[in-house]
Amino acid sequence: MNEIEIVQMAQQGDTHAFRQLFEENKRRVFTLAFQYTKNKEDAEDILQETFIKAFHSLNKFKAQDDTNFSSWLYRIGINASIDHLRKNKMKKDNYIDSDQLPNISSDDGFSQPEHAIRIKEIRTKLDLSLSQLPKGQRMVFILRHYQQLSVKEIADTMKCSEGSVKKQLFRAFQMIKKRFKSLFPEDNYEMQ
Amino acid sequence: MKCNKFRENIVLDLYGELDNKEKAELEQHISSCAECAKDYLYSKSVFQALEDLETEDIPEPAWDSNWGKIDLAIQDKPKPQPLFGLSPKWAYAAAGVSLVFILGIFTGRFWFPQKQVGPISAELSQEHIQRTLAQHFENIRPVLVEMANYTALENGNGTVLVDQATIKNLIIQNILLKSLISGKDPTAVQILEDVDLVLRELANIDEGDSGTKSMIKKLIDDREILMNMNILQQM
């Protein structure tokens, strides 16, 4: 049975068919939500919101050449992620405070290779940068960098122009670069 | 192109979003602009560092528990919320019935107008009147032609065969049309009155009444009914 047939069964109210759609798409939606929120509980909330919303909107879905169910669901997941963060923006635990950053250089009692320490430092800096980006820029960066969607695919998914996506990607990357200056001193990049 | 645009293209190049021409322009600019070249190398280092992070572990949620919550939420509404509160099949059926109903109303208004006299004529276009009149003349013409060619035989019988039911229908049609165009087209009304005389005579004629048939033939000729019909149709 192909995806369209399963969707059609789900559209008739068949929850077993909808469960099948959940099984086939759950990981992609959860991964996106986790990368966006950096929080497992929030990502689980978004996963549930996405599928509940999708179920109640199933009859609005029309299979077309350029839109399959996964893409349609993914779009709902993106919107659910942005909405979730908007609703919870006052929750302090959604943001990474600079004061909470681990002191990378301190000796935590474990022997870690230098490379691993640096990776950890970069990740922390990145998470901090992403948490401070506007929601749209943050989503564009995640979709392009982690989900590896092309600019065109992002534009289609987020219903905006390719030019807008390029601008947001550029601004997001500029912000990250600023945060990384302490890790990669710019003076080291003079042309020879 | 200014450096700002090239700074944007540096990022897009790292993500493989530049076409060959843009890429060539960027490379040419970098070779002649120290600041952009520095930014390019720095951006590349940051990009590479981010690439190294891609193996970030994604936690494994309790899938069954998540599905359980979803299932509970969708069980409140067993079926997807359809448009108009109906399943698509019934929605289409309802739409079909509504369409037929609406079409019925419009068709009924057209074919069975409530106002039969006077004002109805104001609602009809001249084009519609002409079309209806032409159709009526086409229906009536064979009868008139046959009567115009009538030749009385010695035994009193003629060549005309009259179907009384057809004649009665033509009379009704003629009356309705006359009332429809009353006051709108005097020439057409006059023709219809002449036709009316002919049809009424035909309706009352006996099979062997050659005198009446001859009189009808004379009436058609004298009033030039066929010719007037042709003229009106060609106007």
# chains A, B, ... in the order shown; residues from 1 in each chain; ligands from 1
$ closest_atom_pairs --of "chain B" --to "chain A" --cutoff "10 Å" --atoms "only C-alpha atoms" --output "tab-separated table"
residue	atom	partner	partner_atom	distance
B:Arg7	CA	A:Phe170	CA	8.5
B:Glu8	CA	A:Phe170	CA	5.8
B:Asn9	CA	A:Phe170	CA	8.4
B:Ile10	CA	A:Phe170	CA	8.9
B:Val11	CA	A:Phe170	CA	6.0
B:Leu12	CA	A:Lys166	CA	7.3
B:Tyr15	CA	A:Arg144	CA	8.1
B:Gly16	CA	A:Ser150	CA	8.9
B:Glu17	CA	A:Val151	CA	7.4
B:Ser31	CA	A:Met191	CA	9.8
B:Cys33	CA	A:Met191	CA	9.9
B:Ala34	CA	A:Met191	CA	6.9
B:Glu35	CA	A:Glu190	CA	8.5
B:Cys36	CA	A:Met191	CA	10.0
B:Ala37	CA	A:Met191	CA	6.8
B:Lys38	CA	A:Tyr189	CA	5.4
B:Asp39	CA	A:Tyr189	CA	7.8
B:Tyr40	CA	A:Tyr189	CA	8.7
B:Leu41	CA	A:Tyr189	CA	6.0
B:Tyr42	CA	A:Tyr189	CA	6.0
B:Ser43	CA	A:Lys177	CA	7.1
B:Ser45	CA	A:Phe184	CA	7.8
B:Val46	CA	A:Lys177	CA	6.7
B:Phe47	CA	A:Phe173	CA	8.7
B:Ala49	CA	A:Ile122	CA	7.4
B:Leu50	CA	A:Ile122	CA	7.7
B:Glu51	CA	A:His145	CA	8.3
B:Asp52	CA	A:Ile119	CA	7.9
B:Leu53	CA	A:Arg123	CA	6.9
B:Glu54	CA	A:Tyr146	CA	7.0
B:Thr55	CA	A:Tyr146	CA	9.9
B:Glu56	CA	A:Arg123	CA	8.9
B:Asp57	CA	A:Thr31	CA	9.8
B:Ile58	CA	A:Thr31	CA	6.6
B:Pro59	CA	A:Lys40	CA	6.9
B:Glu60	CA	A:Lys40	CA	8.6
B:Pro61	CA	A:Glu44	CA	7.1
B:Ala62	CA	A:Glu44	CA	8.7
B:Trp63	CA	A:Lys26	CA	8.2
B:Asp64	CA	A:Glu23	CA	10.0
B:Ser65	CA	A:Glu44	CA	9.8
B:Asn66	CA	A:Gln48	CA	6.5
B:Trp67	CA	A:Gln48	CA	7.5
B:Gly68	CA	A:Gln48	CA	9.6
B:Lys69	CA	A:Gln48	CA	7.2
B:Ile70	CA	A:Gln48	CA	5.7
B:Asp71	CA	A:Thr15	CA	7.8
B:Leu72	CA	A:Ile52	CA	9.6
B:Ala73	CA	A:Ile52	CA	6.9
B:Ile74	CA	A:Ile52	CA	6.5
B:Gln75	CA	A:Thr15	CA	8.5
B:Lys77	CA	A:His56	CA	8.3
B:Pro78	CA	A:Gly13	CA	6.2
B:Lys79	CA	A:Gly13	CA	4.1
B:Pro80	CA	A:His56	CA	4.8
B:Gln81	CA	A:His56	CA	5.3
B:Pro82	CA	A:Asn59	CA	5.9
B:Leu83	CA	A:Asn59	CA	7.4
B:Ser87	CA	A:Gln12	CA	7.9
B:Pro88	CA	A:Asn59	CA	8.1
$ write_last_selection --atoms "C-alpha atoms" --output "CSV table (one decimal), in the first residue's frame"
chain,number,residue,atom,x,y,z
B,7,ARG,CA,29.8,38.7,2.0
B,8,GLU,CA,26.3,37.3,1.5
B,9,ASN,CA,27.5,35.2,-1.4
B,10,ILE,CA,30.4,33.8,0.7
B,11,VAL,CA,27.8,32.2,3.0
B,12,LEU,CA,25.7,31.0,0.1
B,15,TYR,CA,26.1,26.1,1.4
B,16,GLY,CA,26.5,25.4,-2.3
B,17,GLU,CA,23.8,27.9,-3.4
B,31,SER,CA,41.4,37.6,-5.3
B,33,CYS,CA,39.8,42.3,-1.9
B,34,ALA,CA,41.7,41.5,1.2
B,35,GLU,CA,38.8,42.1,3.6
B,36,CYS,CA,36.5,39.8,1.7
B,37,ALA,CA,39.2,37.2,1.4
B,38,LYS,CA,39.8,37.3,5.1
B,39,ASP,CA,36.0,36.9,5.7
B,40,TYR,CA,35.9,34.0,3.3
B,41,LEU,CA,38.6,32.1,5.2
B,42,TYR,CA,37.1,32.8,8.6
B,43,SER,CA,33.6,31.9,7.4
B,45,SER,CA,36.6,27.7,9.3
B,46,VAL,CA,33.3,28.4,11.2
B,47,PHE,CA,31.4,26.4,8.6
B,49,ALA,CA,33.5,23.6,12.7
B,50,LEU,CA,29.7,23.5,12.4
B,51,GLU,CA,29.9,20.6,10.0
B,52,ASP,CA,31.9,18.6,12.6
B,53,LEU,CA,29.0,19.0,14.9
B,54,GLU,CA,26.5,17.2,12.7
B,55,THR,CA,26.8,14.0,14.6
B,56,GLU,CA,24.8,15.5,17.5
B,57,ASP,CA,22.9,12.8,19.3
B,58,ILE,CA,19.1,13.1,19.1
B,59,PRO,CA,17.5,11.7,22.2
B,60,GLU,CA,15.1,8.8,21.8
B,61,PRO,CA,11.6,9.8,23.0
B,62,ALA,CA,9.0,7.3,24.3
B,63,TRP,CA,7.3,6.8,20.9
B,64,ASP,CA,4.4,4.7,22.3
B,65,SER,CA,3.7,7.2,25.0
B,66,ASN,CA,3.7,10.0,22.5
B,67,TRP,CA,1.4,8.1,20.2
B,68,GLY,CA,-0.9,7.3,23.1
B,69,LYS,CA,-1.4,11.0,23.7
B,70,ILE,CA,-2.0,11.7,20.1
B,71,ASP,CA,-4.4,8.8,19.9
B,72,LEU,CA,-6.3,10.1,22.9
B,73,ALA,CA,-6.6,13.5,21.4
B,74,ILE,CA,-7.8,12.3,18.0
B,75,GLN,CA,-10.3,9.9,19.6
B,77,LYS,CA,-13.1,13.5,17.2
B,78,PRO,CA,-13.1,10.0,15.6
B,79,LYS,CA,-13.0,11.3,12.1
B,80,PRO,CA,-10.9,14.1,10.5
B,81,GLN,CA,-12.9,17.3,10.6
B,82,PRO,CA,-14.3,17.5,7.2
B,83,LEU,CA,-15.4,20.6,5.3
B,87,SER,CA,-17.6,13.6,4.7
B,88,PRO,CA,-16.3,14.5,1.2
$ residues_around --residues "Leu85 of chain A" --least-positions-apart "5" --cutoff "9 Å" --atoms "only C-alpha atoms" --output "VMD selection string"
chain A and resid 36 to 37 42 80 94 135
$ write_last_selection --atoms "C-alpha atoms" --output "compact mmCIF listing (two decimals), in the first residue's frame"
# COMPACT_ATOMS: atom_id res chain seq x y z
CA TYR A 36 14.94 23.74 17.00
CA THR A 37 14.18 23.70 20.72
CA ASP A 42 9.44 20.51 24.09
CA ALA A 80 4.26 23.92 15.29
CA ASN A 94 14.16 27.54 26.64
CA LYS A 135 12.69 32.43 15.19
$ atom_distance --atom1 "atom CA of Ala33 of chain A" --atom2 "atom CA of Ile142 of chain A"
9.9 Å
$ select_by_dssp --residues "segment 20-183 of chain A" --states "alpha helix (DSSP H)" --output "ChimeraX atom specification"
/A:20-37,40-56,69-87,114-131,135-141,151-158,162-179
